[in-house]
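Undergrad: What follows is coords27.cif; its format and atoms are mmCIF, C-alpha atoms and all ligand atoms.
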data_upload
loop_
_atom_site.label_atom_id
_atom_site.label_comp_id
_atom_site.auth_asym_id
_atom_site.auth_seq_id
_atom_site.Cartn_x
_atom_site.Cartn_y
_atom_site.Cartn_z
CA MET A 1490 -18.59 2.06 15.32
CA HIS A 1491 -15.82 -0.49 15.88
CA LEU A 1492 -13.14 -2.56 14.15
CA PHE A 1493 -15.59 -5.27 13.14
CA ASN A 1494 -18.25 -3.14 11.51
CA SER A 1495 -18.35 -3.41 7.74
CA LEU A 1496 -17.59 -0.45 5.48
CA GLN A 1497 -19.33 0.13 2.18
CA ILE A 1498 -17.39 2.08 -0.44
CA ARG A 1499 -19.21 2.41 -3.76
CA ASP A 1500 -20.56 -1.14 -4.39
CA VAL A 1501 -17.89 -2.90 -2.37
CA SER A 1502 -18.62 -3.91 1.19
CA ILE A 1503 -15.49 -4.52 3.26
CA PRO A 1504 -16.53 -6.94 6.03
CA ASN A 1505 -14.41 -5.29 8.75
CA ARG A 1506 -11.99 -2.39 9.13
CA ILE A 1507 -8.77 -4.41 9.09
CA VAL A 1508 -6.62 -4.10 6.00
CA VAL A 1509 -3.45 -6.01 5.21
CA SER A 1510 -1.10 -3.26 4.14
CA PRO A 1511 0.90 -3.78 0.93
CA MET A 1512 4.12 -5.65 1.67
CA SER A 1513 6.69 -6.32 -1.03
CA GLN A 1514 8.08 -9.82 -0.99
CA TYR A 1515 10.78 -9.26 -3.65
CA ILE A 1516 10.34 -12.81 -4.87
CA SER A 1517 8.80 -12.40 -8.34
CA LYS A 1518 10.63 -13.34 -11.52
CA ASN A 1519 10.06 -10.83 -14.33
CA GLY A 1520 7.18 -9.39 -12.31
CA TYR A 1521 5.18 -12.63 -12.23
CA ALA A 1522 3.29 -13.72 -9.11
CA ASN A 1523 3.97 -17.28 -7.96
CA ASP A 1524 3.07 -19.81 -5.25
CA TRP A 1525 4.71 -17.64 -2.60
CA HIS A 1526 2.31 -14.76 -3.26
CA PHE A 1527 -0.62 -17.16 -3.25
CA ALA A 1528 0.33 -18.75 0.08
CA HIS A 1529 1.42 -15.49 1.72
CA LEU A 1530 -1.69 -13.47 0.87
CA SER A 1531 -4.16 -16.34 1.26
CA ARG A 1532 -3.16 -16.69 4.91
CA PHE A 1533 -4.49 -13.19 5.60
CA ALA A 1534 -7.87 -13.99 4.06
CA LEU A 1535 -8.03 -17.12 6.23
CA GLY A 1536 -6.98 -14.94 9.15
CA GLY A 1537 -10.04 -12.72 8.82
CA ALA A 1538 -8.70 -9.47 7.30
CA GLY A 1539 -11.43 -7.44 5.61
CA LEU A 1540 -9.24 -6.30 2.72
CA VAL A 1541 -5.98 -7.85 1.56
CA PHE A 1542 -3.62 -5.84 -0.62
CA THR A 1543 -0.93 -7.19 -2.90
CA GLU A 1544 2.48 -5.62 -2.58
CA ALA A 1545 3.57 -2.68 -4.76
CA THR A 1546 2.92 -3.90 -8.31
CA ALA A 1547 4.91 -2.15 -11.01
CA VAL A 1548 3.09 -0.68 -14.00
CA GLU A 1549 6.21 -0.90 -16.15
CA GLU A 1550 9.36 -2.94 -15.98
CA ARG A 1551 11.73 -0.05 -15.22
CA GLY A 1552 9.31 1.10 -12.51
CA ARG A 1553 10.19 -1.84 -10.30
CA ARG A 1554 12.09 -1.09 -7.15
CA THR A 1555 14.01 -4.37 -7.22
CA HIS A 1556 14.42 -7.32 -9.57
CA GLY A 1557 11.96 -9.22 -7.35
CA ASP A 1558 9.02 -6.78 -7.54
CA LEU A 1559 5.61 -7.89 -8.68
CA GLY A 1560 4.40 -6.36 -11.96
CA LEU A 1561 1.35 -5.95 -14.15
CA TRP A 1562 2.80 -4.50 -17.33
CA GLU A 1563 1.88 -7.44 -19.54
CA ASN A 1564 -1.18 -9.66 -19.93
CA GLY A 1565 0.70 -12.85 -19.02
CA GLN A 1566 1.02 -11.52 -15.48
CA ILE A 1567 -2.75 -11.67 -14.96
CA GLU A 1568 -3.30 -15.42 -14.72
CA GLU A 1569 -1.60 -16.18 -11.43
CA LEU A 1570 -3.29 -13.17 -9.85
CA VAL A 1571 -6.72 -14.58 -10.83
CA ARG A 1572 -5.99 -17.66 -8.72
CA LEU A 1573 -5.13 -15.39 -5.82
CA THR A 1574 -8.15 -13.06 -6.03
CA SER A 1575 -10.54 -16.02 -6.44
CA PHE A 1576 -9.28 -17.59 -3.24
CA ILE A 1577 -9.35 -14.36 -1.24
CA LYS A 1578 -12.91 -13.70 -2.38
CA GLN A 1579 -14.01 -17.28 -1.62
CA GLN A 1580 -12.94 -16.65 1.98
CA GLY A 1581 -15.13 -13.56 2.22
CA SER A 1582 -12.35 -10.94 2.08
CA ILE A 1583 -11.86 -8.22 -0.49
CA ALA A 1584 -8.84 -8.37 -2.82
CA GLY A 1585 -6.96 -5.13 -3.50
CA ILE A 1586 -3.92 -4.33 -5.63
CA GLN A 1587 -1.39 -1.57 -5.15
CA LEU A 1588 -0.13 -0.09 -8.44
CA ALA A 1589 3.32 1.42 -8.32
CA HIS A 1590 6.22 3.07 -10.06
CA ALA A 1591 9.51 3.49 -8.22
CA GLY A 1592 10.89 6.34 -10.37
CA ARG A 1593 14.36 7.34 -9.14
CA LYS A 1594 14.17 4.71 -6.38
CA ALA A 1595 14.27 1.91 -8.99
CA SER A 1596 17.13 -0.53 -9.48
CA GLU A 1597 17.63 -1.19 -5.79
CA ARG A 1598 18.84 -4.31 -4.02
CA ARG A 1599 16.35 -6.33 -1.99
CA PRO A 1600 16.37 -5.38 1.73
CA TRP A 1601 18.37 -8.46 2.67
CA HIS A 1602 20.91 -7.67 -0.06
CA GLY A 1603 21.49 -4.22 1.43
CA GLU A 1604 18.74 -1.87 0.15
CA THR A 1605 21.45 -0.11 -1.86
CA PRO A 1606 21.58 0.52 -5.63
CA VAL A 1607 22.12 -2.52 -7.86
CA ASP A 1608 25.54 -2.43 -9.53
CA GLU A 1609 27.90 -4.57 -11.59
CA GLU A 1610 28.58 -6.82 -8.61
CA ASP A 1611 24.96 -8.03 -8.71
CA ILE A 1612 25.53 -9.38 -12.22
CA GLU A 1613 28.23 -11.68 -10.86
CA LEU A 1614 26.39 -12.56 -7.67
CA ARG A 1615 22.84 -12.98 -8.92
CA ASP A 1616 22.85 -12.41 -12.66
CA GLU A 1617 20.92 -9.17 -12.01
CA ALA A 1618 21.99 -6.02 -13.84
CA PRO A 1619 21.28 -2.41 -12.86
CA TRP A 1620 18.90 -0.44 -15.06
CA GLN A 1621 18.31 3.20 -15.90
CA SER A 1622 15.76 4.84 -13.61
CA ILE A 1623 13.56 7.84 -14.40
CA GLY A 1624 12.31 10.73 -12.28
CA PRO A 1625 10.81 14.20 -12.39
CA GLY A 1626 14.35 15.55 -12.59
CA ASN A 1627 17.82 14.08 -12.61
CA LYS A 1628 18.51 14.43 -8.90
CA PRO A 1629 19.33 11.04 -7.31
CA TYR A 1630 17.36 9.70 -4.36
CA ALA A 1631 20.37 10.05 -2.06
CA GLU A 1632 24.12 10.20 -2.28
CA GLY A 1633 25.57 7.22 -4.15
CA TRP A 1634 22.27 6.40 -5.90
CA HIS A 1635 21.68 6.06 -9.63
CA GLN A 1636 21.13 9.30 -11.45
CA PRO A 1637 17.64 9.16 -12.98
CA LEU A 1638 16.78 10.40 -16.45
CA GLN A 1639 14.48 13.39 -16.36
CA MET A 1640 11.12 12.33 -17.78
CA THR A 1641 10.04 14.03 -20.99
CA ILE A 1642 6.41 14.93 -21.70
CA ASN A 1643 6.25 11.78 -23.84
CA ASP A 1644 7.47 9.72 -20.89
CA ILE A 1645 4.75 11.28 -18.75
CA GLU A 1646 2.07 10.44 -21.32
CA GLN A 1647 3.39 6.88 -21.50
CA LEU A 1648 3.39 6.59 -17.72
CA LYS A 1649 -0.28 7.58 -17.54
CA GLN A 1650 -1.06 4.99 -20.19
CA ASN A 1651 0.88 2.38 -18.20
CA PHE A 1652 -1.16 3.07 -15.06
CA LYS A 1653 -4.35 2.87 -17.10
CA ASP A 1654 -3.36 -0.43 -18.74
CA ALA A 1655 -2.38 -1.90 -15.38
CA ALA A 1656 -5.76 -0.82 -13.95
CA ARG A 1657 -7.54 -2.64 -16.78
CA ARG A 1658 -5.46 -5.74 -16.10
CA SER A 1659 -6.27 -5.43 -12.38
CA LEU A 1660 -9.92 -5.64 -13.29
CA ASP A 1661 -9.31 -8.71 -15.44
CA ALA A 1662 -7.37 -10.24 -12.55
CA GLY A 1663 -10.45 -9.94 -10.30
CA PHE A 1664 -9.44 -7.17 -7.91
CA ASP A 1665 -12.13 -5.02 -6.29
CA VAL A 1666 -9.94 -2.19 -5.00
CA ILE A 1667 -6.97 -0.38 -6.53
CA GLU A 1668 -4.58 1.64 -4.45
CA ILE A 1669 -2.22 4.04 -6.22
CA TYR A 1670 1.17 4.01 -4.51
CA ALA A 1671 2.23 7.63 -4.17
CA ALA A 1672 4.12 7.53 -0.86
CA HIS A 1673 7.57 6.70 0.52
CA GLY A 1674 9.58 8.53 -2.13
CA PHE A 1675 8.29 6.62 -5.14
CA LEU A 1676 7.58 8.29 -8.47
CA LEU A 1677 4.32 10.16 -7.79
CA HIS A 1678 5.65 11.34 -4.43
CA GLN A 1679 8.80 12.52 -6.23
CA PHE A 1680 6.55 14.73 -8.37
CA TYR A 1681 4.40 16.28 -5.61
CA SER A 1682 7.20 16.83 -3.05
CA PRO A 1683 9.19 20.03 -3.59
CA ILE A 1684 12.25 18.15 -2.31
CA ALA A 1685 12.50 15.86 -5.33
CA ASN A 1686 10.75 17.81 -8.07
CA THR A 1687 13.14 20.21 -9.81
CA ARG A 1688 11.11 20.65 -13.01
CA SER A 1689 10.22 24.03 -14.42
CA ASP A 1690 7.45 22.96 -16.83
CA GLU A 1691 3.75 22.36 -16.05
CA TYR A 1692 4.68 19.34 -13.88
CA GLY A 1693 6.99 21.25 -11.52
CA GLY A 1694 7.21 24.42 -9.48
CA SER A 1695 3.83 25.41 -8.05
CA PHE A 1696 1.64 23.14 -5.89
CA ASP A 1697 -0.86 22.68 -8.74
CA ASN A 1698 1.92 21.73 -11.13
CA ARG A 1699 3.50 19.22 -8.73
CA ILE A 1700 0.22 17.41 -8.05
CA ARG A 1701 -0.78 17.45 -11.73
CA LEU A 1702 0.67 14.03 -12.57
CA SER A 1703 -1.08 12.31 -9.64
CA ILE A 1704 -4.42 13.85 -10.57
CA GLU A 1705 -3.97 12.84 -14.22
CA VAL A 1706 -3.07 9.28 -13.23
CA VAL A 1707 -6.25 9.10 -11.13
CA GLU A 1708 -8.31 10.41 -14.06
CA GLU A 1709 -6.76 7.91 -16.47
CA ILE A 1710 -7.40 5.02 -14.11
CA ARG A 1711 -10.99 6.12 -13.56
CA LEU A 1712 -11.58 5.85 -17.34
CA VAL A 1713 -11.17 2.06 -17.13
CA TRP A 1714 -11.74 1.27 -13.46
CA PRO A 1715 -15.50 0.77 -12.97
CA GLU A 1716 -17.58 3.44 -11.31
CA ASN A 1717 -18.75 0.95 -8.68
CA LYS A 1718 -15.24 0.01 -7.48
CA PRO A 1719 -13.17 1.93 -4.92
CA LEU A 1720 -9.93 3.71 -5.68
CA PHE A 1721 -7.49 4.38 -2.82
CA PHE A 1722 -4.44 6.64 -2.83
CA ARG A 1723 -1.47 6.06 -0.53
CA LEU A 1724 0.55 9.18 0.06
CA SER A 1725 3.16 10.50 2.41
CA ALA A 1726 1.10 13.02 4.33
CA THR A 1727 4.28 14.83 5.34
CA ASP A 1728 7.96 14.57 4.40
CA TRP A 1729 8.86 15.37 8.03
CA ILE A 1730 11.46 17.72 6.57
CA GLU A 1731 11.49 21.49 6.83
CA GLY A 1732 10.72 22.97 3.45
CA GLY A 1733 9.20 19.70 2.26
CA TRP A 1734 5.65 18.46 1.70
CA GLU A 1735 3.41 19.12 4.72
CA ILE A 1736 0.07 18.03 6.13
CA ASN A 1737 -1.66 21.21 4.90
CA ASP A 1738 -0.53 20.36 1.37
CA THR A 1739 -2.00 16.90 1.84
CA ILE A 1740 -5.37 18.31 2.86
CA GLU A 1741 -5.59 20.43 -0.31
CA PHE A 1742 -4.30 17.52 -2.38
CA ALA A 1743 -6.89 15.15 -0.87
CA LYS A 1744 -9.74 17.48 -1.84
CA LYS A 1745 -8.54 17.47 -5.45
CA LEU A 1746 -7.98 13.72 -5.46
CA LYS A 1747 -11.54 13.25 -4.24
CA GLU A 1748 -12.88 15.38 -7.09
CA ALA A 1749 -10.87 13.28 -9.53
CA GLY A 1750 -12.36 10.01 -8.27
CA VAL A 1751 -10.33 8.86 -5.24
CA ASP A 1752 -12.43 7.40 -2.40
CA LEU A 1753 -9.90 7.01 0.39
CA ILE A 1754 -6.53 8.44 1.40
CA ASP A 1755 -4.12 5.95 2.97
CA CYS A 1756 -2.03 8.20 5.22
CA SER A 1757 1.58 7.14 5.50
CA SER A 1758 4.56 9.51 5.67
CA GLY A 1759 8.24 10.13 4.94
CA GLY A 1760 10.69 8.46 2.61
CA ILE A 1761 11.40 11.20 0.08
CA GLY A 1762 15.16 10.71 0.36
CA GLY A 1763 18.22 12.77 0.97
CA SER A 1764 19.79 12.34 4.33
CA GLU A 1765 17.77 10.17 6.74
CA LYS A 1766 18.79 12.47 9.57
CA GLN A 1767 16.89 15.34 7.96
CA GLN A 1768 13.58 13.57 8.62
CA LYS A 1769 12.16 14.25 12.07
CA ILE A 1770 9.73 11.37 12.53
CA PRO A 1771 7.83 11.22 15.85
CA LEU A 1772 7.82 7.41 16.02
CA GLY A 1773 5.47 5.74 18.50
CA PRO A 1774 2.32 3.61 18.63
CA ALA A 1775 -0.06 4.55 15.78
CA PHE A 1776 2.07 7.65 15.16
CA GLN A 1777 0.56 8.37 11.74
CA ALA A 1778 -3.08 8.07 12.86
CA PRO A 1779 -3.30 11.81 13.70
CA LEU A 1780 -2.47 12.50 10.04
CA ALA A 1781 -5.37 10.29 8.92
CA LYS A 1782 -7.65 12.07 11.38
CA GLU A 1783 -6.73 15.52 10.15
CA VAL A 1784 -7.15 14.61 6.49
CA ARG A 1785 -10.48 12.92 7.25
CA GLU A 1786 -11.81 15.98 9.06
CA LYS A 1787 -10.46 18.74 6.88
CA ALA A 1788 -10.73 17.19 3.42
CA ASP A 1789 -13.97 15.31 4.12
CA ILE A 1790 -12.74 12.03 2.68
CA LEU A 1791 -12.40 8.49 4.00
CA THR A 1792 -8.95 7.68 5.38
CA MET A 1793 -6.84 4.71 6.42
CA ALA A 1794 -4.41 4.82 9.34
CA VAL A 1795 -1.17 2.83 9.21
CA GLY A 1796 2.13 2.47 11.02
CA LEU A 1797 3.10 0.81 14.29
CA ILE A 1798 -0.41 -0.44 15.01
CA TRP A 1799 -0.25 -3.90 16.53
CA GLN A 1800 -2.66 -3.89 19.48
CA ALA A 1801 -6.35 -4.69 19.06
CA GLN A 1802 -7.41 -1.93 21.45
CA SER A 1803 -5.37 0.69 19.68
CA ALA A 1804 -6.72 -0.34 16.25
CA ASN A 1805 -10.25 -0.33 17.61
CA GLU A 1806 -9.83 3.08 19.16
CA ILE A 1807 -8.82 4.55 15.81
CA ILE A 1808 -12.16 3.44 14.38
CA GLU A 1809 -14.22 4.22 17.50
CA LYS A 1810 -12.84 7.74 17.77
CA GLU A 1811 -13.28 8.25 14.03
CA SER A 1812 -9.62 9.04 13.44
CA ALA A 1813 -9.82 6.86 10.31
CA ASP A 1814 -12.22 4.54 8.50
CA LEU A 1815 -9.80 1.66 8.01
CA VAL A 1816 -6.69 0.44 9.82
CA ALA A 1817 -3.80 -1.08 7.88
CA ILE A 1818 -1.55 -3.62 9.56
CA ALA A 1819 1.75 -4.76 8.06
CA ARG A 1820 4.47 -6.31 10.25
CA GLU A 1821 2.12 -7.63 12.90
CA VAL A 1822 0.30 -9.86 10.40
CA LEU A 1823 3.65 -11.25 9.25
CA SER A 1824 4.08 -12.37 12.83
CA ASN A 1825 0.51 -13.52 13.19
CA PRO A 1826 -1.63 -13.85 10.05
CA ASN A 1827 -4.63 -14.64 12.29
CA TRP A 1828 -4.30 -11.27 14.02
CA PRO A 1829 -7.81 -10.09 13.00
CA LEU A 1830 -9.39 -13.22 14.49
CA HIS A 1831 -7.46 -12.81 17.73
CA ALA A 1832 -8.36 -9.12 17.82
CA ALA A 1833 -12.05 -10.03 17.60
CA GLN A 1834 -11.65 -12.33 20.61
CA GLU A 1835 -9.72 -9.74 22.58
CA LEU A 1836 -12.38 -7.12 21.91
CA GLY A 1837 -15.13 -9.52 22.99
CA ILE A 1838 -16.69 -9.65 19.55
CA ASP A 1839 -16.13 -13.37 19.01
CA ASN A 1840 -16.38 -15.52 22.14
CA ASP A 1841 -16.84 -18.91 20.52
CA PHE A 1842 -14.58 -18.92 17.44
CA SER A 1843 -17.56 -18.24 15.22
CA LEU A 1844 -15.56 -15.85 13.01
CA TRP A 1845 -13.02 -18.59 12.33
CA LYS A 1846 -13.37 -20.95 9.39
CA PRO A 1847 -15.08 -24.05 10.80
CA GLN A 1848 -12.13 -26.22 9.76
CA PHE A 1849 -10.17 -24.42 12.49
CA GLY A 1850 -12.81 -22.85 14.71
CA TRP A 1851 -14.81 -25.99 15.51
CA TRP A 1852 -11.73 -27.67 16.98
CA LEU A 1853 -10.42 -24.65 18.78
CA ASN A 1854 -13.77 -23.97 20.38
CA LYS A 1855 -14.01 -27.60 21.51
CA ARG A 1856 -10.51 -27.44 23.02
CA GLU A 1857 -11.33 -24.15 24.73
CA ARG A 1858 -14.34 -25.69 26.45
CA LEU A 1859 -12.28 -28.71 27.48
CA LEU A 1860 -9.51 -26.55 28.95
CA ARG A 1861 -12.10 -24.59 30.94
CA ARG A 1862 -13.75 -27.78 32.19
CA LEU A 1863 -10.39 -29.06 33.34
CA GLY A 1864 -9.74 -25.79 35.13
CA LEU A 1865 -6.72 -25.09 32.94
CA LYS A 1866 -8.12 -21.84 31.61
CA ASP A 1867 -10.39 -19.14 33.06
C1 LIG B 1901 8.02 -6.46 4.30
C2 LIG B 1901 7.43 -5.11 4.04
C3 LIG B 1901 7.21 -4.69 2.74
C4 LIG B 1901 6.58 -3.47 2.47
N1 LIG B 1901 6.25 -3.14 1.19
C5 LIG B 1901 5.43 -2.10 0.95
C6 LIG B 1901 4.84 -1.89 -0.33
O1 LIG B 1901 5.04 -2.68 -1.26
N2 LIG B 1901 4.03 -0.83 -0.48
C7 LIG B 1901 3.74 0.04 0.54
O2 LIG B 1901 2.98 0.98 0.36
N3 LIG B 1901 4.29 -0.13 1.75
C8 LIG B 1901 5.08 -1.20 1.98
N4 LIG B 1901 5.53 -1.44 3.26
C9 LIG B 1901 5.10 -0.54 4.35
C10 LIG B 1901 3.84 -1.11 5.04
O3 LIG B 1901 2.75 -1.21 4.15
C11 LIG B 1901 3.44 -0.26 6.25
O4 LIG B 1901 3.08 1.00 5.81
C12 LIG B 1901 4.58 -0.16 7.27
O5 LIG B 1901 5.22 -1.40 7.47
C13 LIG B 1901 4.08 0.34 8.62
O6 LIG B 1901 3.10 -0.52 9.15
P1 LIG B 1901 3.43 -1.59 10.34
O7 LIG B 1901 4.00 -0.81 11.48
O8 LIG B 1901 2.08 -2.19 10.64
O9 LIG B 1901 4.41 -2.58 9.81
C14 LIG B 1901 6.21 -2.62 3.54
C15 LIG B 1901 6.49 -3.03 4.85
C16 LIG B 1901 7.07 -4.27 5.11
C17 LIG B 1901 7.28 -4.68 6.54
#
What's the structure tokens form of this structure?
TA:
Amino acid sequence: MHLFNSLQIRDVSIPNRIVVSPMSQYISKNGYANDWHFAHLSRFALGGAGLVFTEATAVEERGRRTHGDLGLWENGQIEELVRLTSFIKQQGSIAGIQLAHAGRKASERRPWHGETPVDEEDIELRDEAPWQSIGPGNKPYAEGWHQPLQMTINDIEQLKQNFKDAARRSLDAGFDVIEIYAAHGFLLHQFYSPIANTRSDEYGGSFDNRIRLSIEVVEEIRLVWPENKPLFFRLSATDWIEGGWEINDTIEFAKKLKEAGVDLIDCSSGGIGGSEKQQKIPLGPAFQAPLAKEVREKADILTMAVGLIWQAQSANEIIEKESADLVAIAREVLSNPNWPLHAAQELGIDNDFSLWKPQFGWWLNKRERLLRRLGLKD
């Protein structure tokens, strides 16, 4: 098994194991996709990725992290996404969408505006006002952050409906994979992590209560998302904080998610909030891949590895050694959208540019032969 073997999940065949990880661009207006999203994500399909994910896409307006987040809370937002999925599919890649709700992490400035809470100053600077966030309780994400409103049972019911409606719109938009965003301190993570969830009703307290909302969201989505299409779930496999969510919790959670209709666990980690110093993250090449391996082995479910993977050999090893079934790449494809095609060459899988679109590959192959003939390349 290697990086360029296909993977069949339900009726969807992903042509190779390379996934473009969701990457927010913070450039939408009112949640609408635009030419930027089309150009940005199309490059990865041209670059040979097997599966290309949109960025975190909010299921309701107040669930956006920033004013620039993509959204799918109204039908008008579908049209531009159809253009995108059609193109990705024409190139032979699979189009996936990540559905999200930021919860208490909402109303934040874009990274290049400081990644701090939006306040009155943003109205003057950018005509962007702060908004009221929601969460499992009313504990802010960190010191100086907005205080969220504790969600009522009605809010929870509405949230499930919002995920379901967004899943239906995802289908209309032509996506073949949905990933639920439940990592990095966003709303569903806020519910399952004991660090953020201070509730005392059936959605807080015990492990079963804290995971209840995630399981119900999966069940709601499965009511409208076709049986033959894959459903992924991105979680933080550990909070990296003592007393927080741990890998053993993730293994039990993954088993229940599988029963509810999830096909693959995308294993990220961290981000629940509080003081950054509290988190003890063992950063290094492919540092989260061991989490994917453990979940894969102990919960008997497909997994995706992500985080500081940028070398072809390292990505290939993850698949070869069966640490995970898919490898997600984020920053490296920003640097080089053709990374999958280069990886295939490096691994000796494509020696004559045959994986490249002929509009590029024919010329590059011809130049390669010329350079060799001239003795300018080995
Ligand atoms: C620009 C940018 C935006 C991101 N936005 C999202 C997002 O919308 N959803 C998500 O799950 N992760 C997001 N991430 C995290 C990535 O998907 C990925 O998990 C992380 O960057 C680690 O992978 P890397 O080392 O290959 O970059 C983002 C990362 C970057 C660099």
Undergrad: What does the list of residues within 7 Å of ligand LIG 1901 (chain B) look like if you count all atoms listed in the file, written as a list in words?
TA: Ser1510, Pro1511, Met1512, Ser1513, Gln1514, Glu1544, Ala1545, Tyr1670, Ala1672, Arg1723, Ser1757, Val1795, Gly1796, Leu1797, Ile1798, Trp1799, Ala1817, Ile1818, Ala1819, Arg1820 and Glu1821 of chain A
Undergrad: Please provide the set of residues having any atom within 8 Å of Asn1805 in chain A, restricted to all atoms listed in the file, with same-chain residues fewer than 4 positions apart removed, written as a list in words.
TA: His1491, Leu1492, Ala1801 and Glu1809 of chain A
Undergrad: For Val1508 in chain A, work out the shell of residues within 10 Å, counting all atoms listed in the file and skipping chain neighbours fewer than 2 positions away, then give it as a PDB file with C-alpha atoms, in the frame of the given file.
TA:
ATOM      1  CA  ILE A1503     -15.490  -4.520   3.260  1.00  0.00           C
ATOM      2  CA  ASN A1505     -14.410  -5.290   8.750  1.00  0.00           C
ATOM      3  CA  ARG A1506     -11.990  -2.390   9.130  1.00  0.00           C
ATOM      4  CA  SER A1510      -1.100  -3.260   4.140  1.00  0.00           C
ATOM      5  CA  PRO A1511       0.900  -3.780   0.930  1.00  0.00           C
ATOM      6  CA  PHE A1533      -4.490 -13.190   5.600  1.00  0.00           C
ATOM      7  CA  GLY A1537     -10.040 -12.720   8.820  1.00  0.00           C
ATOM      8  CA  ALA A1538      -8.700  -9.470   7.300  1.00  0.00           C
ATOM      9  CA  GLY A1539     -11.430  -7.440   5.610  1.00  0.00           C
ATOM     10  CA  LEU A1540      -9.240  -6.300   2.720  1.00  0.00           C
ATOM     11  CA  VAL A1541      -5.980  -7.850   1.560  1.00  0.00           C
ATOM     12  CA  PHE A1542      -3.620  -5.840  -0.620  1.00  0.00           C
ATOM     13  CA  SER A1582     -12.350 -10.940   2.080  1.00  0.00           C
ATOM     14  CA  ILE A1583     -11.860  -8.220  -0.490  1.00  0.00           C
ATOM     15  CA  GLY A1585      -6.960  -5.130  -3.500  1.00  0.00           C
ATOM     16  CA  MET A1793      -6.840   4.710   6.420  1.00  0.00           C
ATOM     17  CA  ALA A1794      -4.410   4.820   9.340  1.00  0.00           C
ATOM     18  CA  VAL A1795      -1.170   2.830   9.210  1.00  0.00           C
ATOM     19  CA  LEU A1815      -9.800   1.660   8.010  1.00  0.00           C
ATOM     20  CA  VAL A1816      -6.690   0.440   9.820  1.00  0.00           C
ATOM     21  CA  ALA A1817      -3.800  -1.080   7.880  1.00  0.00           C
ATOM     22  CA  ILE A1818      -1.550  -3.620   9.560  1.00  0.00           C
ATOM     23  CA  ALA A1819       1.750  -4.760   8.060  1.00  0.00           C
ATOM     24  CA  PRO A1829      -7.810 -10.090  13.000  1.00  0.00           C
TER      25      PRO A1829
END
Undergrad: Would you kindly return, as an MDAnalysis selection string, each protein, DNA or RNA residue with an atom no farther than 12 Å from any atom of range 1728-1735 of chain A, considering only C-alpha atoms and excluding same-chain residues fewer than 4 positions away?
TA: chainID A and resid 1672:1674 1678:1686 1696 1699:1700 1724 1739:1742 1756:1772 1777 1780 1784
Undergrad: Name the closest residue to Gln1639 in chain A among the candidates A:Leu1676, A:Leu1570, A:Ile1669, A:Leu1859; distances are taken between atoms, counting all atoms listed in the file.
TA: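 Of A:Leu1676, A:Leu1570, A:Ile1669, A:Leu1859, the one nearest Gln1639 in chain A, counting all atoms listed in the file, is A:Leu1676.
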Undergrad: For a quick check of understanding, using all atoms listed in the file, which of A:Arg1553, A:Arg1572, A:Arg1499, A:Arg1593 has the smallest distance to Asn1717 in chain A?
TA: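 Looking only at the distances to Asn1717 in chain A, the closest residue turns out to be A:Arg1499.
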Undergrad: Report as a ChimeraX atom specification all protein, DNA and RNA residues lying within 12 Å of His1556 in chain A, evaluated on only C-alpha atoms, omitting residues in the same chain fewer than 5 positions from it.
TA: /A:1513-1521,1547,1550-1551,1591,1595-1600,1602,1604,1606-1607,1611-1612,1615-1620
Undergrad: Considering all atoms listed in the file, state which residue in the set A:Ser1575, A:Gln1566, A:Gln1580, A:Asn1651 is at the smallest distance from Val1548 in chain A.
TA: A:Asn1651
Undergrad: Could you tell me which of A:Leu1746, A:Leu1496, A:Leu1588, A:Ile1754 comes closest to Thr1792 in chain A if we count all atoms listed in the file?
TA: A:Ile1754
Undergrad: Measure the distance from CA of Thr1605 in chain A to CA of Met1640 in chain A in Å and round it to one decimal.
TA: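 Atom-to-atom, CA of Thr1605 in chain A to CA of Met1640 in chain A, that is 22.7 Å.
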Undergrad: Compare A:Ile1838, A:Leu1863, A:Leu1638, A:Leu1712 by their minimum atom-to-atom distance to Arg1657 in chain A, counting all atoms listed in the file, and give me the closest one.
TA: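 Of A:Ile1838, A:Leu1863, A:Leu1638, A:Leu1712, the one nearest Arg1657 in chain A is A:Leu1712, counting all atoms listed in the file.
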Undergrad: Give me the residues near range 1720-1722 of chain A as a list in words, where near means some atom within 8 Å (using all atoms listed in the file) and where sequence neighbours in that chain fewer than 3 positions away do not count.
TA: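 The contact residues come out as Val1666, Ile1667, Glu1668, Ile1669, Tyr1670, Ala1671, Gly1750, Val1751, Asp1752, Leu1753, Ile1754 and Asp1755 of chain A.
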Undergrad: Could you work out how far CA of Ala1749 in chain A lies from CA of Glu1716 in chain A, giving the answer in Å with one decimal?
TA: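 Straight-line distance from CA of Glu1716 in chain A to CA of Ala1749 in chain A works out to 12.0 Å.
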Undergrad: Between CA of Ile1790 in chain A and CA of Glu1705 in chain A, measure the distance and give it in Å to one decimal.
TA: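 Separation of CA of Ile1790 in chain A and CA of Glu1705 in chain A: 19.1 Å.
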Undergrad: Rank A:Lys1594, A:Thr1687, A:Gln1579, A:Leu1702 by their smallest atom-to-atom distance to Glu1646 in chain A, using all atoms listed in the file, and report the top residue only.
TA: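 Nearest to Glu1646 in chain A: A:Leu1702.
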